[in-house]
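Student: Got a structure for you, written out below as structure tokens; questions coming shortly.
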Amino acid sequence: MVFNFRKKKQKPIEIYPDEIFLDSKNIPQFDVYQFEGRIEKPIGKRTFITMTVFFIMVGIFFVGELFSIQILEGKTLRERSEKNSLRIDYILANRGIIFDRNGETLAWNEPDARLYIDWNGLSHVLGYVGLPSEEDLQKIDNLPLKQILGKDGIEKRYNDILGGKPGMKIVETDVENNIISESIQNHPEEGKNIKLTIDAKLQSQFFNIMESVMKDRGFHGGSGIIINVNNGEILSLVSCPEYDSEILSKGEPEEKIMEFLNDANKPFLNRVIAGLYAPGSIIKPLIAIAALNENIISSQKQIFSAGYISIPNPFFPDKQSIFKDWKTHGWIDMRKAIAVSSDVYFYEIGGGFEEQRGLGIKKIEDYTKLFGLDSLTGVDLYGEEIGIVPNPDLKEKFEPNDPIWRIGDTYNASIGQGYFQVTPVEMAIYASAIANKGKIIKPHLILEDNIQDYTLRSLNISEDYFNIIHEGMRLSVKEGTASALNVFGAEIAAKTGTAEIGAGKKYVNSWVIGFFPYDHPQYAFAVVMEKGPSANLVGSPYVIRQLIDWMTIYTPQYLK
């Protein structure tokens with residue numbers, strides 16, 4: 001048998017010249033790292049087949065899953081979907097912890113409550129927490145109903161820092177509200193901790209002393225503040241009486257909360273930042289600085305105080321209007337006038353008398369504003385009130401039957417009476433400006449790791465004038481109205497004030513402001529005891545004296 005084998009004719013392969021003459025030395029300078037100069041090869045059939053099989057298998061898998069869900073398990077899943085439901089739950093974040101300047105824990109978390117240190121005197125600083133109000137829910141988008149919010153004090157002012165951010169999860173439940181599954185969408189962000197400028201032990205002692213004097217001496221309330229005159233750190237801020245932070249945060253017992261609400265002495269009022277009081281004689285150093293700066297009088301010139309001055313009565317010219325001093329002082333210069341708190345001296349340099357020229361109400365208004373007595377201090381607590389400085393417009397507003405501003409009104413303004421209204425925190429900033437010789441600082445309660453410059457502005461007033469005021473306030477402690485503060489182990493400069501209030505002047509507000517140490521001031525203070533009997537001889541100087549005595553033993557570092 002003869003077999004005839006024929007060779008299968010092969011298709012000729014076309015070869016291009018560039019395939020023959022490829023330059024091995026890369027004369028065209030191709031970027032070989034970017035694959036320039038290489039011949040592209042077509043994708044092989046095997047790759048196409050592999051990918052096709054892969055996608056077919058994926059398609060079969062999804063079809064199978066769809067068949068299982070729709071056909072095999074359709075009835076079961078349909079019944080489950082009809083009985084089960086999905087809801088969004090918030091995961092609440094823990095609030096941050098609040099510490100005092102020395103690391104003492106003041107507010108922290110327990111599983112069911114926000115707890116606070118049980119020392120007295122910190123509630124107006126710390127505040128309290130609670131569930132959102134209707135107003136909160138309207139103001140804040142997507143606010144969880146169980147989100148704890150700060151309601152007062154530091155808890156409220158720094159709620160965004162302390163509160164953190166809630167997380168979110170999707171929860172599947174059955175018809176009986178049993179959880180079938182959960183899926184966390186966002187994890188909560190824990191609140192950050194805060195360290196305060198407050199010394200908690202000093203604060204507690206300050207409050208206890210004030211509360212005792214208030215109860216024993218018949219005052220309706222009291223408040224005080226101690227502040228660093230250089231950087232605005234608030235060492236202590238006390239308002240008495242106060243509420244209980246923990247009781248309000250827990251919302252029980254109800255009878256105790258009702259007791260706070262019905263207390264006529266207003267325990268919810270933070271008197272340091274929102275209590276408005278006539279300043280009385282503590283305004284006299286400001287009048288003295290103004291008089292020096294306006295060349296009204298030299299510090300050495302003496303004025304005679306016979307216990308009063310008299311001027312013609314504007315309504316009855318044949319009669320005299322008498323403006324009394326609290327006692328007869330004789331001849332006194334500016335330093336002595338501050339020390340003994342002579343009203344006659346300040347009547348004359350404030351309003352003028354006979355040959356002595358006075359500032360006049362416009363200049364008094366200008367200087368009180370210069371020291372910030374008509375503006376917010378910027379303290380980092382909500383609810384601060386603005387003081388009121390006297391001027392003719394106020395009289396016209398409040399006394400339409402006698403709207404004309406008279407020299408007697410200027411006399412009253414010169415000793416801190418009449419239309420003056422100030423807050424203790426304003427007086428602390430004013431006392432700080434005297435102590436640091438002309439810097440208006442911003443008070444604050446958060447302790448900074450890197451101390452910032454909290455100077456708001458510097459007053460264009462000679463240091464020499466401030467030195468005169470310093471000497472007068474130191475003399476007040478050594479031998480004047482503030483002699484109660486002549487404490488061994490502490491050099492203090494101070495000015496007292498008593499403002500008469502109420503019908504018949506049966507009550508007074510007792511003030512004291514000052515600073516220490518005298519030679520290099522570090523801290524200023526302002527204390528007011530509110531609405532006590534006018535016959536009472538114990539007031540704000542006694543409160544700060546007891547505190548200074550305690551500080552010489554337990555916190556001497558602040559007095560050096």
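Chain identifiers are assigned as A, B, and so on, following the order in which chains appear in the structure tokens; residues are numbered from 1 within each chain, and ligands are numbered from 1 in order of appearance.
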Which residues of region 197-244 of chain A come within 12 Å of region 141-163 of chain A, and for each one, what is the closest pair of atoms and their distance in Å to one decimal, counting only C-alpha atoms, sorted by chain and residue number, as JSON lines?
Tutor:
```
{"residue": "A:Thr197", "atom": "CA", "partner": "A:Ile154", "partner_atom": "CA", "distance": 11.7}
{"residue": "A:Ile198", "atom": "CA", "partner": "A:Ile154", "partner_atom": "CA", "distance": 11.6}
{"residue": "A:Leu237", "atom": "CA", "partner": "A:Gly153", "partner_atom": "CA", "distance": 11.4}
{"residue": "A:Tyr243", "atom": "CA", "partner": "A:Asp152", "partner_atom": "CA", "distance": 11.2}
{"residue": "A:Asp244", "atom": "CA", "partner": "A:Asp152", "partner_atom": "CA", "distance": 11.8}
```
Student: Give me, as number ranges by chain, all polymer residues having an atom no more than 10 Å from region 396-407 of chain A, counting only C-alpha atoms and skipping those fewer than 2 positions away in the same chain.
Tutor: A: 311, 314, 347, 350-353, 360-361, 391-394, 409-413, 419
Student: List every residue of region 83-175 of chain A that DSSP, applied to the backbone, labels as alpha helix (DSSP H), and write the result as a PyMOL selection string.
Tutor: chain A and resi 83+123-126+134-139+153-157+159-162
Student: For Asp380 (chain A), which residue out of A:Val213, A:Gly232, A:Ile461, A:Ile170 is the nearest one, using only C-alpha atoms?
Tutor: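 The closest residue to Asp380 (chain A) is A:Gly232.
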Student: Among region 216-437 of chain A, which residues carry a DSSP assignment of strand (DSSP E), reported as a PyMOL selection string?
Tutor: chain A and resi 221-228+234-240+303-305+308-312+320-324+330-332
Student: Show which residues sit within 8 Å of region 430-446 of chain A, as a PDB file with N, CA, C and O atoms, in the first residue's frame. Count only C-alpha atoms, and ignore same-chain residues fewer than 6 positions away.
Tutor:
```pdb
ATOM      1  N   ILE A 194     -10.291  67.642  81.289  1.00  0.00           N
ATOM      2  CA  ILE A 194     -10.026  69.070  81.447  1.00  0.00           C
ATOM      3  C   ILE A 194      -9.368  69.314  82.798  1.00  0.00           C
ATOM      4  O   ILE A 194      -9.770  68.730  83.803  1.00  0.00           O
ATOM      5  N   LYS A 195      -8.370  70.166  82.803  1.00  0.00           N
ATOM      6  CA  LYS A 195      -7.703  70.557  84.046  1.00  0.00           C
ATOM      7  C   LYS A 195      -7.992  72.033  84.301  1.00  0.00           C
ATOM      8  O   LYS A 195      -7.750  72.876  83.443  1.00  0.00           O
ATOM      9  N   LEU A 196      -8.501  72.328  85.488  1.00  0.00           N
ATOM     10  CA  LEU A 196      -8.894  73.688  85.827  1.00  0.00           C
ATOM     11  C   LEU A 196      -7.771  74.453  86.527  1.00  0.00           C
ATOM     12  O   LEU A 196      -6.848  73.853  87.086  1.00  0.00           O
ATOM     13  N   THR A 197      -7.901  75.774  86.513  1.00  0.00           N
ATOM     14  CA  THR A 197      -6.968  76.637  87.242  1.00  0.00           C
ATOM     15  C   THR A 197      -7.292  76.672  88.737  1.00  0.00           C
ATOM     16  O   THR A 197      -6.488  77.145  89.539  1.00  0.00           O
ATOM     17  N   ILE A 198      -8.442  76.140  89.108  1.00  0.00           N
ATOM     18  CA  ILE A 198      -8.925  76.176  90.490  1.00  0.00           C
ATOM     19  C   ILE A 198      -8.073  75.300  91.406  1.00  0.00           C
ATOM     20  O   ILE A 198      -7.694  74.179  91.040  1.00  0.00           O
ATOM     21  N   ILE A 227      -7.562  85.765  91.622  1.00  0.00           N
ATOM     22  CA  ILE A 227      -7.111  85.626  90.240  1.00  0.00           C
ATOM     23  C   ILE A 227      -5.639  86.013  90.110  1.00  0.00           C
ATOM     24  O   ILE A 227      -5.165  86.911  90.806  1.00  0.00           O
ATOM     25  N   ASN A 228      -4.938  85.308  89.237  1.00  0.00           N
ATOM     26  CA  ASN A 228      -3.550  85.636  88.936  1.00  0.00           C
ATOM     27  C   ASN A 228      -3.521  86.931  88.111  1.00  0.00           C
ATOM     28  O   ASN A 228      -4.140  87.014  87.044  1.00  0.00           O
ATOM     29  N   VAL A 229      -2.810  87.954  88.619  1.00  0.00           N
ATOM     30  CA  VAL A 229      -2.854  89.273  87.980  1.00  0.00           C
ATOM     31  C   VAL A 229      -2.042  89.338  86.697  1.00  0.00           C
ATOM     32  O   VAL A 229      -2.135  90.319  85.947  1.00  0.00           O
ATOM     33  N   ASN A 230      -1.257  88.303  86.423  1.00  0.00           N
ATOM     34  CA  ASN A 230      -0.394  88.313  85.244  1.00  0.00           C
ATOM     35  C   ASN A 230      -0.938  87.494  84.086  1.00  0.00           C
ATOM     36  O   ASN A 230      -0.731  87.849  82.925  1.00  0.00           O
ATOM     37  N   ASN A 231      -1.639  86.390  84.383  1.00  0.00           N
ATOM     38  CA  ASN A 231      -2.118  85.549  83.286  1.00  0.00           C
ATOM     39  C   ASN A 231      -3.613  85.228  83.349  1.00  0.00           C
ATOM     40  O   ASN A 231      -4.122  84.489  82.507  1.00  0.00           O
ATOM     41  N   GLY A 232      -4.329  85.750  84.331  1.00  0.00           N
ATOM     42  CA  GLY A 232      -5.775  85.585  84.370  1.00  0.00           C
ATOM     43  C   GLY A 232      -6.286  84.268  84.918  1.00  0.00           C
ATOM     44  O   GLY A 232      -7.498  84.021  84.891  1.00  0.00           O
ATOM     45  N   GLU A 233      -5.385  83.399  85.421  1.00  0.00           N
ATOM     46  CA  GLU A 233      -5.847  82.132  85.992  1.00  0.00           C
ATOM     47  C   GLU A 233      -6.662  82.381  87.257  1.00  0.00           C
ATOM     48  O   GLU A 233      -6.227  83.092  88.165  1.00  0.00           O
ATOM     49  N   ILE A 234      -7.846  81.783  87.318  1.00  0.00           N
ATOM     50  CA  ILE A 234      -8.706  81.942  88.487  1.00  0.00           C
ATOM     51  C   ILE A 234      -8.373  80.850  89.490  1.00  0.00           C
ATOM     52  O   ILE A 234      -8.593  79.664  89.233  1.00  0.00           O
ATOM     53  N   PHE A 371     -11.357 100.894  82.607  1.00  0.00           N
ATOM     54  CA  PHE A 371     -11.032  99.729  83.437  1.00  0.00           C
ATOM     55  C   PHE A 371     -12.000  98.559  83.209  1.00  0.00           C
ATOM     56  O   PHE A 371     -11.924  97.557  83.911  1.00  0.00           O
ATOM     57  N   GLY A 372     -12.906  98.700  82.250  1.00  0.00           N
ATOM     58  CA  GLY A 372     -13.762  97.581  81.850  1.00  0.00           C
ATOM     59  C   GLY A 372     -14.985  97.366  82.693  1.00  0.00           C
ATOM     60  O   GLY A 372     -15.578  96.279  82.657  1.00  0.00           O
ATOM     61  N   LEU A 373     -15.443  98.402  83.419  1.00  0.00           N
ATOM     62  CA  LEU A 373     -16.575  98.203  84.320  1.00  0.00           C
ATOM     63  C   LEU A 373     -17.928  98.220  83.615  1.00  0.00           C
ATOM     64  O   LEU A 373     -18.957  98.028  84.251  1.00  0.00           O
ATOM     65  N   THR A 377     -16.060  90.613  81.007  1.00  0.00           N
ATOM     66  CA  THR A 377     -14.638  90.298  81.202  1.00  0.00           C
ATOM     67  C   THR A 377     -14.179  89.186  80.284  1.00  0.00           C
ATOM     68  O   THR A 377     -12.993  89.034  80.032  1.00  0.00           O
ATOM     69  N   GLY A 378     -15.136  88.371  79.788  1.00  0.00           N
ATOM     70  CA  GLY A 378     -14.788  87.242  78.936  1.00  0.00           C
ATOM     71  C   GLY A 378     -14.494  85.973  79.698  1.00  0.00           C
ATOM     72  O   GLY A 378     -13.984  85.003  79.133  1.00  0.00           O
ATOM     73  N   VAL A 379     -14.828  85.924  80.996  1.00  0.00           N
ATOM     74  CA  VAL A 379     -14.617  84.712  81.777  1.00  0.00           C
ATOM     75  C   VAL A 379     -15.350  83.551  81.106  1.00  0.00           C
ATOM     76  O   VAL A 379     -16.445  83.710  80.562  1.00  0.00           O
ATOM     77  N   ASP A 380     -14.735  82.367  81.120  1.00  0.00           N
ATOM     78  CA  ASP A 380     -15.273  81.239  80.374  1.00  0.00           C
ATOM     79  C   ASP A 380     -16.348  80.475  81.141  1.00  0.00           C
ATOM     80  O   ASP A 380     -16.253  79.265  81.384  1.00  0.00           O
ATOM     81  N   TYR A 454      -2.843  86.523  78.176  1.00  0.00           N
ATOM     82  CA  TYR A 454      -4.249  86.868  78.352  1.00  0.00           C
ATOM     83  C   TYR A 454      -4.441  88.367  78.616  1.00  0.00           C
ATOM     84  O   TYR A 454      -5.470  88.774  79.130  1.00  0.00           O
ATOM     85  N   THR A 455      -3.467  89.166  78.231  1.00  0.00           N
ATOM     86  CA  THR A 455      -3.611  90.610  78.358  1.00  0.00           C
ATOM     87  C   THR A 455      -4.473  91.125  77.217  1.00  0.00           C
ATOM     88  O   THR A 455      -4.134  90.954  76.044  1.00  0.00           O
ATOM     89  N   LEU A 456      -5.604  91.732  77.562  1.00  0.00           N
ATOM     90  CA  LEU A 456      -6.491  92.269  76.539  1.00  0.00           C
ATOM     91  C   LEU A 456      -6.016  93.629  76.035  1.00  0.00           C
ATOM     92  O   LEU A 456      -6.100  93.924  74.846  1.00  0.00           O
ATOM     93  N   ARG A 457      -5.531  94.457  76.959  1.00  0.00           N
ATOM     94  CA  ARG A 457      -5.017  95.769  76.582  1.00  0.00           C
ATOM     95  C   ARG A 457      -4.229  96.344  77.755  1.00  0.00           C
ATOM     96  O   ARG A 457      -4.384  95.917  78.892  1.00  0.00           O
ATOM     97  N   SER A 458      -3.392  97.324  77.440  1.00  0.00           N
ATOM     98  CA  SER A 458      -2.622  98.023  78.467  1.00  0.00           C
ATOM     99  C   SER A 458      -3.089  99.473  78.524  1.00  0.00           C
ATOM    100  O   SER A 458      -3.314 100.109  77.491  1.00  0.00           O
ATOM    101  N   LEU A 459      -3.236  99.973  79.744  1.00  0.00           N
ATOM    102  CA  LEU A 459      -3.723 101.332  79.933  1.00  0.00           C
ATOM    103  C   LEU A 459      -2.571 102.331  79.824  1.00  0.00           C
ATOM    104  O   LEU A 459      -1.477 102.090  80.334  1.00  0.00           O
ATOM    105  N   ASN A 460      -2.846 103.429  79.164  1.00  0.00           N
ATOM    106  CA  ASN A 460      -1.822 104.470  78.978  1.00  0.00           C
ATOM    107  C   ASN A 460      -1.813 105.403  80.190  1.00  0.00           C
ATOM    108  O   ASN A 460      -2.201 106.563  80.117  1.00  0.00           O
ATOM    109  N   ILE A 461      -1.392 104.838  81.329  1.00  0.00           N
ATOM    110  CA  ILE A 461      -1.348 105.573  82.589  1.00  0.00           C
ATOM    111  C   ILE A 461       0.019 105.326  83.222  1.00  0.00           C
ATOM    112  O   ILE A 461       0.518 104.197  83.224  1.00  0.00           O
ATOM    113  N   GLU A 463       3.128 104.514  85.503  1.00  0.00           N
ATOM    114  CA  GLU A 463       3.365 103.584  86.613  1.00  0.00           C
ATOM    115  C   GLU A 463       3.441 104.302  87.943  1.00  0.00           C
ATOM    116  O   GLU A 463       3.062 103.764  88.984  1.00  0.00           O
ATOM    117  N   PHE A 466       0.143 104.444  89.613  1.00  0.00           N
ATOM    118  CA  PHE A 466      -0.233 103.160  90.217  1.00  0.00           C
ATOM    119  C   PHE A 466       0.540 102.923  91.513  1.00  0.00           C
ATOM    120  O   PHE A 466      -0.002 102.359  92.464  1.00  0.00           O
ATOM    121  N   ASN A 467       1.792 103.340  91.549  1.00  0.00           N
ATOM    122  CA  ASN A 467       2.586 103.193  92.779  1.00  0.00           C
ATOM    123  C   ASN A 467       1.944 103.946  93.940  1.00  0.00           C
ATOM    124  O   ASN A 467       1.949 103.479  95.085  1.00  0.00           O
ATOM    125  N   ILE A 469      -1.239 104.552  94.328  1.00  0.00           N
ATOM    126  CA  ILE A 469      -2.410 103.773  94.735  1.00  0.00           C
ATOM    127  C   ILE A 469      -1.978 102.557  95.558  1.00  0.00           C
ATOM    128  O   ILE A 469      -2.602 102.218  96.569  1.00  0.00           O
ATOM    129  N   HIS A 470      -0.908 101.889  95.129  1.00  0.00           N
ATOM    130  CA  HIS A 470      -0.368 100.761  95.898  1.00  0.00           C
ATOM    131  C   HIS A 470      -0.060 101.183  97.335  1.00  0.00           C
ATOM    132  O   HIS A 470      -0.406 100.481  98.297  1.00  0.00           O
ATOM    133  N   ILE A 513     -11.417  94.588  98.145  1.00  0.00           N
ATOM    134  CA  ILE A 513     -10.574  94.183  97.022  1.00  0.00           C
ATOM    135  C   ILE A 513      -9.124  94.352  97.445  1.00  0.00           C
ATOM    136  O   ILE A 513      -8.824  95.081  98.393  1.00  0.00           O
ATOM    137  N   GLY A 514      -8.225  93.689  96.749  1.00  0.00           N
ATOM    138  CA  GLY A 514      -6.814  93.844  97.091  1.00  0.00           C
ATOM    139  C   GLY A 514      -5.932  92.927  96.292  1.00  0.00           C
ATOM    140  O   GLY A 514      -6.377  92.270  95.342  1.00  0.00           O
ATOM    141  N   PHE A 515      -4.656  92.874  96.698  1.00  0.00           N
ATOM    142  CA  PHE A 515      -3.702  92.005  96.004  1.00  0.00           C
ATOM    143  C   PHE A 515      -2.572  91.616  96.951  1.00  0.00           C
ATOM    144  O   PHE A 515      -2.362  92.242  97.998  1.00  0.00           O
ATOM    145  N   PRO A 521       3.169  91.802  93.148  1.00  0.00           N
ATOM    146  CA  PRO A 521       1.812  91.235  93.125  1.00  0.00           C
ATOM    147  C   PRO A 521       1.670  90.047  92.177  1.00  0.00           C
ATOM    148  O   PRO A 521       2.089  90.102  91.021  1.00  0.00           O
ATOM    149  N   TYR A 523      -1.438  87.808  92.884  1.00  0.00           N
ATOM    150  CA  TYR A 523      -2.868  87.502  92.928  1.00  0.00           C
ATOM    151  C   TYR A 523      -3.668  88.704  93.419  1.00  0.00           C
ATOM    152  O   TYR A 523      -3.237  89.440  94.310  1.00  0.00           O
ATOM    153  N   ALA A 524      -4.842  88.882  92.815  1.00  0.00           N
ATOM    154  CA  ALA A 524      -5.789  89.901  93.262  1.00  0.00           C
ATOM    155  C   ALA A 524      -7.056  89.194  93.719  1.00  0.00           C
ATOM    156  O   ALA A 524      -7.337  88.059  93.321  1.00  0.00           O
ATOM    157  N   PHE A 525      -7.821  89.879  94.578  1.00  0.00           N
ATOM    158  CA  PHE A 525      -9.064  89.279  95.073  1.00  0.00           C
ATOM    159  C   PHE A 525     -10.163  90.333  95.142  1.00  0.00           C
ATOM    160  O   PHE A 525      -9.903  91.544  95.220  1.00  0.00           O
ATOM    161  N   ALA A 526     -11.384  89.856  95.072  1.00  0.00           N
ATOM    162  CA  ALA A 526     -12.568  90.693  95.282  1.00  0.00           C
ATOM    163  C   ALA A 526     -13.589  89.840  96.016  1.00  0.00           C
ATOM    164  O   ALA A 526     -13.862  88.700  95.615  1.00  0.00           O
TER     165      ALA A 526
END
```
Student: Between A:Phe323, A:Phe55, A:Tyr382, A:Trp511, which residue has the minimum interatomic distance to Ser310 (chain A), considering only C-alpha atoms?
Tutor: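 For Ser310 (chain A), the nearest of the given residues is A:Phe323.
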Student: If we count only C-alpha atoms and set the cut-off at 7 Å, which residues sit around His124 (chain A), ignoring sequence neighbours fewer than 5 positions away in its own chain? Please answer as a ChimeraX atom specification.
Tutor: /A:153,239,242,270
Student: What does the distance from CA of Gly222 (chain A) to CA of Ala290 (chain A) come to in Å, to one decimal?
Tutor: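 Spanning CA of Gly222 (chain A) to CA of Ala290 (chain A) is a straight-line distance of 29.4 Å.
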Student: What's the separation between CA of Glu426 (chain A) and CA of Met334 (chain A), in Å to one decimal place?
Tutor: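 So the answer is 24.0 Å.
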Student: Within 6 Å of region 107-109 of chain A, counting only C-alpha atoms, which residues qualify if same-chain residues fewer than 6 places away don't, as a PDB file with C-alpha atoms, in the first residue's frame?
Tutor:
```
ATOM      1  CA  ILE A  97     -12.908  63.872  83.709  1.00  0.00           C
ATOM      2  CA  ILE A  98     -12.449  67.275  85.363  1.00  0.00           C
ATOM      3  CA  LEU A 115     -20.297  62.027  90.198  1.00  0.00           C
ATOM      4  CA  TYR A 116     -18.652  65.033  91.819  1.00  0.00           C
TER       5      TYR A 116
END
```
Student: Rank nothing, just name the residue among A:Phe346, A:Ser223, A:Ile338, A:Leu537 nearest to Ile309 (chain A), using only C-alpha atoms.
Tutor: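 Result for the nearest residue to Ile309 (chain A): A:Phe346.
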Student: How many Å separate CA of Asn193 (chain A) from CA of Asp136 (chain A)?
Tutor: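 Answer for the CA of Asn193 (chain A) to CA of Asp136 (chain A) separation: 23.2 Å.
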Student: Could you check the closest approach to Asn509 (chain A) for each of A:Glu255, A:Asp325, A:Glu355, A:Glu530 and tell me which residue wins, using only C-alpha atoms?
Tutor: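 Selected residue with least distance to Asn509 (chain A): A:Glu530.
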Student: Which one of A:Ile257, A:Ile415, A:Met473, A:Val389 sits closest to Trp326 (chain A) if you count only C-alpha atoms?
Tutor: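 Ranking A:Ile257, A:Ile415, A:Met473, A:Val389 by distance to Trp326 (chain A), first place goes to A:Ile415.
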Student: Write out as a PyMOL selection string each polymer residue whose atoms come within 10 Å of Val528 (chain A), counting only C-alpha atoms; drop sequence neighbours fewer than 3 positions from it.
Tutor: chain A and resi 210+221-225+239+271-272+275+277+279+423-424+427+496-498+509-513+531+539-541+543
Student: Find the residue from A:Leu286, A:Ile56, A:Leu292, A:His329 that sits nearest to Lys495 (chain A); use only C-alpha atoms when measuring.
Tutor: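 Closest candidate: A:Leu286.
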